[in-house]
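Visitor: First the structure, then my questions, so here it is.
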Amino acid sequence: MERPAETETAELVERLARYPASRYPVQHATVAFRLATVHLQHGRIDQAVPLLGAAYETFGRLDMRLEQTKALMMHGVALREGNRGDLAAVTFERAERAFGALEQPTEEAAASYNLGLSLHQNGDPAAAQAALSRAYDLFLAAGHLARAGAAARERGAYWLTSGNIEAARAVLEDAAALAHRAGDLPGLGAAANALGLAHLAADDLAAAVSEFSRAVGAYPRSLRAAEHAMVKANLAVAYERTGHHARARLTARQALAIPSADPPVRDQAQQVLDRLHGVTGLDLLTVLDAEPTQRWSALIREEVLRWCEAPRPERRSAIRGVLDGLLERPGSTYDLAESLLSVIIELPPPPYAEMVSSIVQVTAELAPPARERIHAIIGSAMARFAIPQWQRLAGSLNAADAAAGRAGVWR
């Protein structure tokens with residue numbers, strides 16, 4: 001379990017005092033370096049810089065050249081974070097040369113990578129690309145695939161923003177492949193999203209949809225919600241440009257439903273909805289009609305997650321749309337009901353109960369023939385499940401009816 005930042009900082013401050021530099025120079029410099037790193041992680045740049053300076057001087061006096069160069073590199077990070085880009089670049093250049101002289105290729109690659117970032121920020125793209133290329137080669141030679149992929153991703157992002165789309169696509173494809181080989185899901189998400197943007201700029205819409213879809217998978221909603229929303233908004237644009245308007249609206253609404261979505265992401269998703277008008281209540285069914293039934297559960301799951309967090313009227317309206325689909329699509333009625341129930345039964349208890357209650361309430365509002373038909377369809381779909389799941393669903397549905405003063409008829 002990760003310790004709170006305040007606790008870790010207080011412990012390091014206490015240890016620093018326990019090891020005065022005059023008596024314990026190595027321990028003092030080591031703790032100072034660690035404390036400076038913690039300060040940087042939490043944006044406390046002014047507190048980090050003097051500690052890094054002290055660690056650098058002490059390590060140098062003790063001829064601990066590797067530790068001294070690591071302190072130099074971290075000082076470069078502090079300078080860059082403090083918007084002192086020119087000084088940061090000079091510092092990273094010094095660290096790069098020093099790590100090279102010490103025959104530390106991985107650390108040298110990290111210095112080259114940071115140098116490339118600083119040079120891009122300083123408006124020197126040619127030098128930045130050269131530094132990132134060195135970092136890429138060194139990381140790759142050392143077997144650090146994820147870090148080589150990160151260097152390639154930064155190069156590709158620059159080519160994309162500068163308008164060299166074909167160069168961007170080539171480099172970003174390599175970045176995505178390296179992230180995939182390394183099992184680096186966040187890196188894969190970032191590379192695939194950037195590659196999707198490059199394909200979109202090249203008007204290669206099918207490839208854009210494919211890459212954005214891959215990025216969505218690499219950024220799970222439960223773990224990286226803001227990034228998930230960002231890619232969903234990009235995917236909505238790609239679907240819009242392909243003419244798949246129902247998919248575009250569905251995807252844009254899913255992006256908007258994520259509370260942690262950044263304002264530009266929300267704006268982009270809302271703009272898609274503003275541009276596309278139509279009977280949005282039918283969007284899910286329209287999308288399902290275009291997909292094989294084995295894909296339905298995955299598509300429904302994304303919508304159900306949105307419904308769980310939506311206001312109750314919106315959730316009930318969405319469920320009414322699915323129930324109408326059960327009544328109006330005789331060729332796929334039971335597959336649709338089974339897919340919906342298979343998603344609901346996987347939910348944690350609170351959203352599971354809310355979804356069951358909403359289905360029961362919406363069904364109760366239907367005219368008697370339609371209501372009886374829904375009972376029969378869902379009952380037949382439940383019979384496709386293993387007995388414990390069937391009993392749980394039937395019991396939950398009947399309990400929700402009983403709570404509203406109605407006799408349960410789900411079986």
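Here's how to read the names in the structure tokens: chain A, B, ... by the order shown, residue numbers from 1 in each chain, ligand numbers from 1 in the order shown.
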Show which residues sit within 8 Å of Gln254 (chain A), as a PyMOL selection string. Count only C-alpha atoms, and ignore same-chain residues fewer than 3 positions away.
Guide: chain A and resi 229+232+250-251+257-258+302-303+306
Visitor: Applying 7 Å and only C-alpha atoms, which residues near region 44-58 of chain A remain after dropping the ones on its own chain fewer than 5 positions away? List them as a PyMOL selection string.
Guide: chain A and resi 25+29+32-33+36+39+68+71-72+75+78+82
Visitor: Please, could you write that set of residues out with N, CA and C atoms as a compact mmCIF listing (two decimals), in the first residue's frame?
Guide:
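So again.txt came out as:
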# COMPACT_ATOMS: atom_id res chain seq x y z
N PRO A 25 28.20 11.78 5.26
CA PRO A 25 27.98 12.45 3.97
C PRO A 25 27.24 11.59 2.96
N ALA A 29 23.57 12.66 1.57
CA ALA A 29 23.35 12.96 0.16
C ALA A 29 22.31 12.03 -0.45
N ALA A 32 18.92 13.16 0.78
CA ALA A 32 18.60 14.44 0.14
C ALA A 32 18.10 14.20 -1.29
N PHE A 33 18.77 13.28 -1.98
CA PHE A 33 18.35 12.97 -3.36
C PHE A 33 16.94 12.38 -3.36
N ALA A 36 14.38 15.07 -2.54
CA ALA A 36 14.19 15.95 -3.69
C ALA A 36 13.29 15.30 -4.73
N HIS A 39 9.74 15.59 -3.58
CA HIS A 39 9.27 16.96 -3.79
C HIS A 39 8.90 17.18 -5.26
N GLN A 68 26.48 11.18 -8.57
CA GLN A 68 26.54 12.60 -8.87
C GLN A 68 25.82 12.91 -10.18
N ALA A 71 22.10 12.81 -9.80
CA ALA A 71 21.61 14.05 -9.19
C ALA A 71 21.57 15.17 -10.22
N LEU A 72 22.57 15.20 -11.12
CA LEU A 72 22.59 16.20 -12.19
C LEU A 72 21.39 16.05 -13.10
N HIS A 75 18.31 17.23 -11.49
CA HIS A 75 18.31 18.70 -11.49
C HIS A 75 17.79 19.22 -12.81
N ALA A 78 14.09 19.09 -12.71
CA ALA A 78 13.56 20.20 -11.91
C ALA A 78 13.57 21.50 -12.71
N GLY A 82 10.35 23.64 -13.91
CA GLY A 82 10.27 25.04 -13.50
C GLY A 82 10.32 26.01 -14.66
Visitor: Run DSSP on the backbone and give me the residues of region 50-280 of chain A it puts in alpha helix (DSSP H), as a PyMOL selection string.
Guide: chain A and resi 50-61+65-81+85-101+105-121+125-141+145-162+165-182+185-201+205-218+225-242+245-256+263-275
Visitor: Kindly indicate which residue among A:Arg15, A:Arg312, A:His42, A:Arg97 lies nearest to Thr69 (chain A), using only C-alpha atoms for the distances.
Guide: A:Arg97
Visitor: If we count only C-alpha atoms, what is near Glu108 (chain A) at a cut-off of 10 Å, once residues fewer than 2 positions away on the same chain are taken out, given as a ChimeraX atom specification?
Guide: /A:73,92-93,95-106,110-114,134-135,138-139
Visitor: Atoms to include: C-alpha atoms. Write the selected residues as an mmCIF file, in the first residue's frame.
Guide:
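After the write, result.cif holds the following:
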data_model
loop_
_atom_site.group_PDB
_atom_site.id
_atom_site.type_symbol
_atom_site.label_atom_id
_atom_site.label_comp_id
_atom_site.auth_asym_id
_atom_site.auth_seq_id
_atom_site.Cartn_x
_atom_site.Cartn_y
_atom_site.Cartn_z
ATOM 1 C CA MET A 73 19.936 14.547 -14.331
ATOM 2 C CA PHE A 92 20.748 17.043 -19.729
ATOM 3 C CA GLU A 93 23.592 17.370 -22.263
ATOM 4 C CA ALA A 95 24.354 14.238 -17.891
ATOM 5 C CA GLU A 96 24.245 12.477 -21.268
ATOM 6 C CA ARG A 97 28.016 12.881 -21.742
ATOM 7 C CA ALA A 98 28.763 11.850 -18.173
ATOM 8 C CA PHE A 99 26.653 8.691 -18.349
ATOM 9 C CA GLY A 100 28.321 7.838 -21.652
ATOM 10 C CA ALA A 101 31.770 8.202 -20.090
ATOM 11 C CA LEU A 102 30.660 5.975 -17.214
ATOM 12 C CA GLU A 103 29.408 3.353 -19.719
ATOM 13 C CA GLN A 104 25.846 3.481 -18.397
ATOM 14 C CA PRO A 105 23.819 3.109 -21.622
ATOM 15 C CA THR A 106 20.396 2.995 -19.999
ATOM 16 C CA ALA A 110 17.260 8.463 -20.263
ATOM 17 C CA ALA A 111 19.333 11.657 -20.406
ATOM 18 C CA SER A 112 19.005 11.739 -24.225
ATOM 19 C CA TYR A 113 15.250 11.253 -23.918
ATOM 20 C CA ASN A 114 14.901 14.104 -21.435
ATOM 21 C CA ARG A 134 19.849 8.383 -29.741
ATOM 22 C CA ALA A 135 17.596 7.514 -26.814
ATOM 23 C CA LEU A 138 20.247 3.009 -26.724
ATOM 24 C CA PHE A 139 17.016 1.803 -25.106
#
Visitor: Do you know which residues are at most 10 Å from Pro125 (chain A) counting only C-alpha atoms, after dropping those on the same chain fewer than 3 positions away, and could you put them as JSON, numbers by chain?
Guide: {"A": [116, 117, 118, 119, 120, 121, 122, 128, 129, 130, 131, 155, 158, 159, 162]}
Visitor: At a cut-off of 10 Å, using only C-alpha atoms, what residues contact His180 (chain A)? Leave out same-chain residues fewer than 5 positions from it and give the result as a VMD selection string.
Guide: chain A and resid 145 to 146 149 174 to 175 185 to 189 191 218
Visitor: A:Ala404, A:Leu178, A:Met355, A:Leu285: which is nearest Val304 (chain A), counting only C-alpha atoms?
Guide: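 Answer, going by the shortest atom-to-atom distance: A:Met355.
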Visitor: Report the distance between CA of Pro351 (chain A) and CA of Ala248 (chain A) in Å, rounded to one decimal place.
Guide: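 CA of Ala248 (chain A) lies at a distance of 25.6 Å from CA of Pro351 (chain A).
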Visitor: Please report the interatomic distance between CA of Thr363 (chain A) and CA of Ile319 (chain A) in Å with one decimal.
Guide: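 Computing the Euclidean distance for CA of Thr363 (chain A) and CA of Ile319 (chain A) yields 9.3 Å.
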Visitor: Could you tell me how far CA of Thr161 (chain A) lies from CA of Ala236 (chain A), in Å and to one decimal?
Guide: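 A separation of 20.7 Å between them.
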Visitor: Show which residues sit within 9 Å of region 260-262 of chain A, as a VMD selection string. Count only C-alpha atoms, and ignore same-chain residues fewer than 5 positions away.
Guide: chain A and resid 225 to 230 255 267
Visitor: Please save C-alpha atoms of the selected residues as a PDB file, in the first residue's frame.
Guide:
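The resulting file, again26.pdb, is shown below:
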ATOM      1  CA  ALA A 225     -10.920   6.953 -17.017  1.00  0.00           C
ATOM      2  CA  ALA A 226      -9.678  10.325 -18.308  1.00  0.00           C
ATOM      3  CA  GLU A 227      -7.559   8.707 -21.033  1.00  0.00           C
ATOM      4  CA  HIS A 228     -10.441   6.357 -21.882  1.00  0.00           C
ATOM      5  CA  ALA A 229     -12.727   9.356 -22.358  1.00  0.00           C
ATOM      6  CA  MET A 230     -10.136  11.135 -24.527  1.00  0.00           C
ATOM      7  CA  ALA A 255     -17.059   9.929 -23.368  1.00  0.00           C
ATOM      8  CA  ASP A 267     -16.182  19.831 -25.761  1.00  0.00           C
TER       9      ASP A 267
END
Visitor: Would you kindly return, as an mmCIF file with N, CA and C atoms, in the first residue's frame, each protein, DNA or RNA residue with an atom no farther than 10 Å from any atom of Gln389 (chain A), considering only C-alpha atoms and excluding same-chain residues fewer than 6 positions away?
Guide:
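Done, and the output landed in out-v9.cif:
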data_model
loop_
_atom_site.group_PDB
_atom_site.id
_atom_site.type_symbol
_atom_site.label_atom_id
_atom_site.label_comp_id
_atom_site.auth_asym_id
_atom_site.auth_seq_id
_atom_site.Cartn_x
_atom_site.Cartn_y
_atom_site.Cartn_z
ATOM 1 N N LEU A 341 -28.623 -9.405 -20.055
ATOM 2 C CA LEU A 341 -28.575 -10.021 -18.732
ATOM 3 C C LEU A 341 -27.160 -10.472 -18.369
ATOM 4 N N SER A 342 -26.393 -10.933 -19.366
ATOM 5 C CA SER A 342 -25.024 -11.385 -19.081
ATOM 6 C C SER A 342 -24.148 -10.234 -18.601
ATOM 7 N N ILE A 345 -25.510 -9.184 -14.816
ATOM 8 C CA ILE A 345 -25.178 -10.104 -13.724
ATOM 9 C C ILE A 345 -23.712 -9.988 -13.304
ATOM 10 N N MET A 382 -33.199 -16.057 -19.398
ATOM 11 C CA MET A 382 -32.586 -16.484 -18.135
ATOM 12 C C MET A 382 -32.352 -17.989 -18.123
ATOM 13 N N ALA A 383 -33.218 -18.728 -18.786
ATOM 14 C CA ALA A 383 -33.084 -20.180 -18.803
ATOM 15 C C ALA A 383 -31.821 -20.638 -19.533
ATOM 16 N N GLY A 395 -34.683 -14.247 -8.774
ATOM 17 C CA GLY A 395 -34.945 -13.778 -7.418
ATOM 18 C C GLY A 395 -34.854 -12.270 -7.308
#
Visitor: Between A:Leu288, A:Leu256, A:Ala148, A:Ala177, single out the one closest to Leu273 (chain A), counting only C-alpha atoms.
Guide: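 Of A:Leu288, A:Leu256, A:Ala148, A:Ala177, the one nearest Leu273 (chain A), counting only C-alpha atoms, is A:Leu256.
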Visitor: Looking at A:Ser358, A:Gln271, A:Arg329, A:Ala208, which one is nearest to Trp307 (chain A), with distances taken over only C-alpha atoms?
Guide: A:Ser358
Visitor: Taking only C-alpha atoms into account, name the residue in A:Pro20, A:Pro259, A:Gly60, A:Gly243 that is nearest to Arg224 (chain A).
Guide: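 Of A:Pro20, A:Pro259, A:Gly60, A:Gly243, the one nearest Arg224 (chain A) is A:Pro259, counting only C-alpha atoms.
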